[in-house]
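Written below as structure tokens is the structure these notes are about.
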Amino acid sequence: MSLAGKTLFITGASRGIGLAIALRAARDGANIAIAAKTTEPHPKLAGTIYTAAEEIERAGGNALPLVVDVREEAMVKDALDQTATRFGGIDIVVNNASAISLTSVANTDMKRFDLMQQINARGTFVVSKWAIPHLARAANPHILMLSPPLDMKEKWFAPATGYAMAKFGMSLVVLGLAGELRAQGIAVNALWPRTLIATAAVQNLLGGEEMMKHGRKPDIVADAAYAVFAKPARGFTGHFLIDDSFLADNGMRDFEHYRVDPSRPLISDFFVPDNSPPPANVVVSAAGGVP
């Protein structure tokens with residue numbers, strides 16, 4: 001399978017997991033629309049839509065940097081239309097944009113609560129909605145959400161109810177839209193990391209460089225996403241996938257090269273169900289993190 005000539009529309013692709021997915025596709029010569037807000041360098045968040053475009057071009061892809069706030073419906077629709085016009089269509093949509101606040105209900109500012117719901121759940125809904133007409137014309141269309149399995153347990157909500165609502169909201173879109181689009185042959189799936197992933201969110205919000213050493217590189221999620229896109233859309237939809245288990249099911253046996261620091265124990269991410277054991281020879285501690 002190759003993504004050469006395929007077009008991906010990825011939200012939040014200026015850094016982290018979104019950029020890793022873009023770079024994996026770019027190595028095949030794919031076209032990538034970088035739909036994100038960051039246009040100027042941030043003191044704590046490396047990367048803009050323009051630096052991401054440069055990386056994608058260097059990796060062998062074709063990049064289209066687009067200023068997109070997924071809370072703005074007109075902006076989303078226009079960005080999708082621009083992408084289809086530029087590259088002749090859209091084959092894959094990745095809903096990766098996300099906002100985080102790991103706070104209790106009592107300590108969650110309502111502006112932050114609204115931001116999480118608007119970017120995570122509503123943003124995923126509106127991007128997917130306006131992507132459908134474009135994907136309906138693609139040969140093997142996929143929508144992928146970076147969101148967790150629907151494991152409705154108190155332990156996931158109690159530490160950060162607002163964030164859990166927002167992330168599970170993305171997964172609810174998967175649940176409904178997979179059924180809605182099955183007859184059209186448009187695949188809709190969710191992908192989630194088993195472990196903490198070394199991203200800016202971890203570096204700035206969850207323990208800094210030390211915590212990142214207990215995680216994996218974003219490449220593992222990118223490789224899993226690439227494997228999803230290789231699946232026939234008509235026969236592979238409605239799944240809630242954990243990155244390493246899915247890769248193991250598709251033949252991967254060695255996961256050590258994804259570790260940031262092999263001398264440090266891996267820390268589990270939030271929302272990984274208890275009935276989802278890691279692949280053989282992978283050991284993950286129970287403490288929760290966030291990608």
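In the structure tokens, the first chain shown is A, the next is B, and so on; residue numbers restart at 1 for each chain, and ligands run from 1 in the order shown.
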
Report as a Markdown table: every residue of stretch 51-130 of chain A with an atom at most 10 Å from stretch 177-190 of chain A, its closest pair of atoms, and their distance in Å to one decimal, counting only C-alpha atoms, with rows sorted by chain and ascending residue number.
```
| residue | atom | partner | partner_atom | distance |
| --- | --- | --- | --- | --- |
| A:Asp91 | CA | A:Ile186 | CA | 9.7 |
| A:Ile92 | CA | A:Ala187 | CA | 9.5 |
| A:Val93 | CA | A:Val188 | CA | 9.5 |
| A:Val94 | CA | A:Ala190 | CA | 9.7 |
| A:Asn95 | CA | A:Ala190 | CA | 9.4 |
| A:Phe125 | CA | A:Leu177 | CA | 9.2 |
| A:Ser128 | CA | A:Leu177 | CA | 8.7 |
| A:Lys129 | CA | A:Leu177 | CA | 9.3 |
```

Write out the residues from the selection above, keeping C-alpha atoms, as a PDB file, in the first residue's frame.
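This is the output file again24.pdb:
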```
ATOM      1  CA  ASP A  91      -9.067  10.761   0.479  1.00  0.00           C
ATOM      2  CA  ILE A  92      -8.429  10.849   4.230  1.00  0.00           C
ATOM      3  CA  VAL A  93      -9.489  13.114   7.091  1.00  0.00           C
ATOM      4  CA  VAL A  94      -7.729  12.983  10.468  1.00  0.00           C
ATOM      5  CA  ASN A  95      -9.446  14.683  13.410  1.00  0.00           C
ATOM      6  CA  PHE A 125     -18.292  16.759  14.155  1.00  0.00           C
ATOM      7  CA  SER A 128     -16.356  15.251   9.439  1.00  0.00           C
ATOM      8  CA  LYS A 129     -19.687  16.711   8.308  1.00  0.00           C
TER       9      LYS A 129
END
```

> Just asking: which residues within stretch 71-148 of chain A are helix (DSSP H, G or I) according to DSSP, as number ranges by chain?
Replying inline: A: 73-87, 110-135

> With only C-alpha atoms as the atoms that count, which of A:Ile21, A:Leu196, A:Ala53, A:Ala131 lies nearest to A:Thr83?
Replying inline: A:Ala131

> Can you tell me, as a count of residues only, what residues are no more than 6 Å from stretch 33-37 of chain A when counting only C-alpha atoms, ignoring any on the same chain fewer than 6 positions away?
Replying inline: 12

Just want the 12 Å neighbourhood of A:Val221, counted on only C-alpha atoms, with same-chain residues fewer than 4 positions away dropped. Output as a PDB file with N, CA and C atoms, in the first residue's frame.
```pdb
ATOM      1  N   GLY A  16       3.360  17.506  16.989  1.00  0.00           N
ATOM      2  CA  GLY A  16       2.907  16.327  17.711  1.00  0.00           C
ATOM      3  C   GLY A  16       2.426  15.182  16.837  1.00  0.00           C
ATOM      4  N   ILE A  17       1.377  14.520  17.278  1.00  0.00           N
ATOM      5  CA  ILE A  17       0.860  13.341  16.591  1.00  0.00           C
ATOM      6  C   ILE A  17       0.361  13.690  15.197  1.00  0.00           C
ATOM      7  N   GLY A  18      -0.317  14.831  15.066  1.00  0.00           N
ATOM      8  CA  GLY A  18      -0.812  15.232  13.754  1.00  0.00           C
ATOM      9  C   GLY A  18       0.304  15.387  12.741  1.00  0.00           C
ATOM     10  N   LEU A  19       1.390  16.028  13.140  1.00  0.00           N
ATOM     11  CA  LEU A  19       2.532  16.198  12.246  1.00  0.00           C
ATOM     12  C   LEU A  19       3.193  14.860  11.957  1.00  0.00           C
ATOM     13  N   ALA A  20       3.286  13.982  12.938  1.00  0.00           N
ATOM     14  CA  ALA A  20       3.889  12.662  12.720  1.00  0.00           C
ATOM     15  C   ALA A  20       3.102  11.865  11.677  1.00  0.00           C
ATOM     16  N   ILE A  21       1.786  11.927  11.745  1.00  0.00           N
ATOM     17  CA  ILE A  21       0.953  11.249  10.747  1.00  0.00           C
ATOM     18  C   ILE A  21       1.192  11.854   9.365  1.00  0.00           C
ATOM     19  N   ALA A  22       1.287  13.184   9.322  1.00  0.00           N
ATOM     20  CA  ALA A  22       1.536  13.864   8.050  1.00  0.00           C
ATOM     21  C   ALA A  22       2.877  13.440   7.451  1.00  0.00           C
ATOM     22  N   LEU A  23       3.911  13.376   8.276  1.00  0.00           N
ATOM     23  CA  LEU A  23       5.240  13.026   7.776  1.00  0.00           C
ATOM     24  C   LEU A  23       5.302  11.579   7.307  1.00  0.00           C
ATOM     25  N   ARG A  24       4.564  10.683   7.993  1.00  0.00           N
ATOM     26  CA  ARG A  24       4.542   9.282   7.548  1.00  0.00           C
ATOM     27  C   ARG A  24       3.914   9.171   6.162  1.00  0.00           C
ATOM     28  N   ASN A  96      -7.517  15.378  14.662  1.00  0.00           N
ATOM     29  CA  ASN A  96      -6.491  15.294  15.693  1.00  0.00           C
ATOM     30  C   ASN A  96      -6.516  16.491  16.644  1.00  0.00           C
ATOM     31  N   LEU A 144     -10.445   9.347  10.453  1.00  0.00           N
ATOM     32  CA  LEU A 144      -9.812   8.794  11.648  1.00  0.00           C
ATOM     33  C   LEU A 144      -9.835   9.828  12.758  1.00  0.00           C
ATOM     34  N   MET A 145     -10.349   9.441  13.932  1.00  0.00           N
ATOM     35  CA  MET A 145     -10.342  10.295  15.098  1.00  0.00           C
ATOM     36  C   MET A 145      -9.243   9.848  16.054  1.00  0.00           C
ATOM     37  N   LEU A 146      -8.483  10.787  16.594  1.00  0.00           N
ATOM     38  CA  LEU A 146      -7.538  10.485  17.657  1.00  0.00           C
ATOM     39  C   LEU A 146      -8.302  10.595  18.967  1.00  0.00           C
ATOM     40  N   SER A 147      -9.024   9.526  19.282  1.00  0.00           N
ATOM     41  CA  SER A 147      -9.917   9.524  20.439  1.00  0.00           C
ATOM     42  C   SER A 147     -10.000   8.117  21.010  1.00  0.00           C
ATOM     43  N   ALA A 190     -11.499   5.089  15.249  1.00  0.00           N
ATOM     44  CA  ALA A 190     -10.791   5.831  16.296  1.00  0.00           C
ATOM     45  C   ALA A 190      -9.471   5.130  16.590  1.00  0.00           C
ATOM     46  N   LEU A 191      -8.459   5.927  16.889  1.00  0.00           N
ATOM     47  CA  LEU A 191      -7.138   5.403  17.240  1.00  0.00           C
ATOM     48  C   LEU A 191      -6.666   6.100  18.500  1.00  0.00           C
ATOM     49  N   TRP A 192      -6.101   5.319  19.430  1.00  0.00           N
ATOM     50  CA  TRP A 192      -5.678   5.869  20.719  1.00  0.00           C
ATOM     51  C   TRP A 192      -4.375   5.213  21.151  1.00  0.00           C
ATOM     52  N   PRO A 193      -3.448   5.977  21.746  1.00  0.00           N
ATOM     53  CA  PRO A 193      -2.182   5.390  22.195  1.00  0.00           C
ATOM     54  C   PRO A 193      -2.318   4.648  23.531  1.00  0.00           C
ATOM     55  N   ARG A 194      -1.646   3.526  23.627  1.00  0.00           N
ATOM     56  CA  ARG A 194      -1.650   2.796  24.898  1.00  0.00           C
ATOM     57  C   ARG A 194      -0.864   3.533  25.970  1.00  0.00           C
ATOM     58  N   THR A 195       0.216   4.175  25.553  1.00  0.00           N
ATOM     59  CA  THR A 195       1.102   4.833  26.509  1.00  0.00           C
ATOM     60  C   THR A 195       1.079   6.344  26.323  1.00  0.00           C
ATOM     61  N   LEU A 196       1.630   7.015  27.296  1.00  0.00           N
ATOM     62  CA  LEU A 196       1.898   8.437  27.151  1.00  0.00           C
ATOM     63  C   LEU A 196       2.739   8.637  25.888  1.00  0.00           C
ATOM     64  N   ILE A 197       2.421   9.684  25.122  1.00  0.00           N
ATOM     65  CA  ILE A 197       3.175  10.008  23.913  1.00  0.00           C
ATOM     66  C   ILE A 197       3.939  11.309  24.162  1.00  0.00           C
ATOM     67  N   ALA A 198       5.200  11.340  23.764  1.00  0.00           N
ATOM     68  CA  ALA A 198       6.061  12.496  24.019  1.00  0.00           C
ATOM     69  C   ALA A 198       5.686  13.644  23.086  1.00  0.00           C
ATOM     70  N   THR A 199       4.813  14.519  23.574  1.00  0.00           N
ATOM     71  CA  THR A 199       4.356  15.674  22.803  1.00  0.00           C
ATOM     72  C   THR A 199       4.478  16.929  23.661  1.00  0.00           C
ATOM     73  N   ARG A 216       6.301   7.051  24.584  1.00  0.00           N
ATOM     74  CA  ARG A 216       6.742   6.652  23.254  1.00  0.00           C
ATOM     75  C   ARG A 216       6.731   7.867  22.328  1.00  0.00           C
ATOM     76  N   LYS A 217       7.429   7.724  21.224  1.00  0.00           N
ATOM     77  CA  LYS A 217       7.462   8.777  20.215  1.00  0.00           C
ATOM     78  C   LYS A 217       6.134   8.799  19.443  1.00  0.00           C
ATOM     79  N   ALA A 225      -1.781   4.738  12.288  1.00  0.00           N
ATOM     80  CA  ALA A 225      -2.702   5.442  11.394  1.00  0.00           C
ATOM     81  C   ALA A 225      -2.469   5.027   9.950  1.00  0.00           C
ATOM     82  N   TYR A 226      -1.213   4.929   9.561  1.00  0.00           N
ATOM     83  CA  TYR A 226      -0.865   4.500   8.202  1.00  0.00           C
ATOM     84  C   TYR A 226      -1.438   3.113   7.910  1.00  0.00           C
ATOM     85  N   ALA A 227      -1.375   2.226   8.905  1.00  0.00           N
ATOM     86  CA  ALA A 227      -1.925   0.877   8.732  1.00  0.00           C
ATOM     87  C   ALA A 227      -3.449   0.911   8.608  1.00  0.00           C
ATOM     88  N   VAL A 228      -4.088   1.852   9.299  1.00  0.00           N
ATOM     89  CA  VAL A 228      -5.542   2.010   9.147  1.00  0.00           C
ATOM     90  C   VAL A 228      -5.888   2.408   7.723  1.00  0.00           C
ATOM     91  N   LEU A 241      -9.382   1.527  18.141  1.00  0.00           N
ATOM     92  CA  LEU A 241      -8.099   0.829  18.102  1.00  0.00           C
ATOM     93  C   LEU A 241      -7.108   1.405  19.098  1.00  0.00           C
ATOM     94  N   ILE A 242      -6.316   0.514  19.697  1.00  0.00           N
ATOM     95  CA  ILE A 242      -5.167   0.901  20.513  1.00  0.00           C
ATOM     96  C   ILE A 242      -3.914   0.687  19.660  1.00  0.00           C
ATOM     97  N   ASP A 243      -3.040   1.676  19.608  1.00  0.00           N
ATOM     98  CA  ASP A 243      -1.957   1.694  18.622  1.00  0.00           C
ATOM     99  C   ASP A 243      -1.121   0.426  18.563  1.00  0.00           C
ATOM    100  N   ASP A 244      -0.542  -0.019  19.706  1.00  0.00           N
ATOM    101  CA  ASP A 244       0.367  -1.168  19.632  1.00  0.00           C
ATOM    102  C   ASP A 244      -0.368  -2.478  19.374  1.00  0.00           C
ATOM    103  N   SER A 245      -1.567  -2.634  19.920  1.00  0.00           N
ATOM    104  CA  SER A 245      -2.340  -3.850  19.658  1.00  0.00           C
ATOM    105  C   SER A 245      -2.696  -3.955  18.182  1.00  0.00           C
ATOM    106  N   PHE A 246      -3.085  -2.847  17.588  1.00  0.00           N
ATOM    107  CA  PHE A 246      -3.436  -2.855  16.168  1.00  0.00           C
ATOM    108  C   PHE A 246      -2.216  -3.168  15.311  1.00  0.00           C
ATOM    109  N   LEU A 247      -1.080  -2.571  15.653  1.00  0.00           N
ATOM    110  CA  LEU A 247       0.142  -2.866  14.908  1.00  0.00           C
ATOM    111  C   LEU A 247       0.552  -4.325  15.079  1.00  0.00           C
ATOM    112  N   PHE A 255       8.525  -3.221  19.500  1.00  0.00           N
ATOM    113  CA  PHE A 255       8.050  -1.866  19.774  1.00  0.00           C
ATOM    114  C   PHE A 255       9.095  -1.018  20.505  1.00  0.00           C
ATOM    115  N   TYR A 258      10.221   2.636  19.474  1.00  0.00           N
ATOM    116  CA  TYR A 258       9.331   3.775  19.696  1.00  0.00           C
ATOM    117  C   TYR A 258       9.561   4.452  21.049  1.00  0.00           C
ATOM    118  N   PRO A 291      -1.799  12.167  25.746  1.00  0.00           N
ATOM    119  CA  PRO A 291      -0.955  12.367  24.567  1.00  0.00           C
ATOM    120  C   PRO A 291      -0.903  13.840  24.178  1.00  0.00           C
TER     121      PRO A 291
END
```

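Atom CA of A:Pro159 sits 16.1 Å away from atom CA of A:Pro273.
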
>> Going by DSSP on the backbone, which residues of stretch 32-226 of chain A come out as strand (DSSP E)? List them as a list in words.
In response: Ile32, Ala33, Ile34, Ala35, Ala36, Asn62, Ala63, Leu64, Pro65, Leu66, Val67, Ile92, Val93, Val94, Asn95, His142, Ile143, Leu144, Met145, Ala187, Val188, Asn189, Ala190, Leu191 and Trp192 of chain A

Distance query stretch 105-114 of chain A at most 12 Å, only C-alpha atoms, self and fewer than 6 positions along chain excluded, as a short mmCIF file (atom, residue, chain, number, x, y, z; two decimals) with N, CA and C atoms, in the first residue's frame:
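Result went into part.cif, see below:
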```
data_model
loop_
_atom_site.label_atom_id
_atom_site.label_comp_id
_atom_site.auth_asym_id
_atom_site.auth_seq_id
_atom_site.Cartn_x
_atom_site.Cartn_y
_atom_site.Cartn_z
N ARG A 71 -13.45 25.51 15.37
CA ARG A 71 -14.69 26.00 15.97
C ARG A 71 -15.52 26.82 14.99
N ALA A 99 -8.10 20.08 22.73
CA ALA A 99 -7.78 20.96 23.85
C ALA A 99 -7.86 20.16 25.14
N ASN A 120 -12.76 19.69 20.57
CA ASN A 120 -12.70 18.23 20.52
C ASN A 120 -13.95 17.63 19.88
N ALA A 121 -15.08 17.78 20.54
CA ALA A 121 -16.30 17.13 20.08
C ALA A 121 -16.93 17.85 18.89
N ARG A 122 -17.20 19.16 19.06
CA ARG A 122 -17.85 19.90 17.98
C ARG A 122 -16.94 20.02 16.76
N GLY A 123 -15.65 20.27 16.99
CA GLY A 123 -14.72 20.39 15.87
C GLY A 123 -14.66 19.12 15.05
N PHE A 157 -13.48 9.59 34.31
CA PHE A 157 -14.15 10.88 34.38
C PHE A 157 -13.80 11.66 35.64
N ALA A 158 -13.70 10.97 36.77
CA ALA A 158 -13.55 11.67 38.05
C ALA A 158 -12.36 12.63 38.11
N PRO A 159 -11.19 12.30 37.55
CA PRO A 159 -10.07 13.24 37.66
C PRO A 159 -10.22 14.48 36.79
N ALA A 160 -10.95 14.36 35.67
CA ALA A 160 -11.03 15.47 34.71
C ALA A 160 -12.28 15.30 33.85
N THR A 161 -13.44 15.55 34.44
CA THR A 161 -14.71 15.28 33.78
C THR A 161 -14.86 16.04 32.46
N GLY A 162 -14.49 17.32 32.45
CA GLY A 162 -14.65 18.11 31.25
C GLY A 162 -13.83 17.56 30.08
N TYR A 163 -12.59 17.19 30.35
CA TYR A 163 -11.73 16.65 29.30
C TYR A 163 -12.26 15.29 28.83
N ALA A 164 -12.67 14.43 29.78
CA ALA A 164 -13.20 13.12 29.40
C ALA A 164 -14.44 13.28 28.53
N MET A 165 -15.33 14.19 28.89
CA MET A 165 -16.52 14.43 28.07
C MET A 165 -16.13 14.83 26.64
N ALA A 166 -15.12 15.68 26.53
CA ALA A 166 -14.71 16.17 25.22
C ALA A 166 -14.09 15.07 24.37
N LYS A 167 -13.23 14.25 24.97
CA LYS A 167 -12.59 13.17 24.20
C LYS A 167 -13.58 12.06 23.87
#
```

> Which one is closest to A:Met1: A:Phe229, A:Phe271, A:Phe87, A:Trp130? Count only C-alpha atoms.
Replying inline: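 Among the listed residues, the smallest separation from A:Met1 belongs to A:Phe229.
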
> Which of these, A:Gly5, A:Gly251, A:Pro262, A:Gly176, has the shortest distance to A:Arg27 once you count only C-alpha atoms?
Replying inline: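 Counting only C-alpha atoms, the residue closest to A:Arg27 is A:Gly5.
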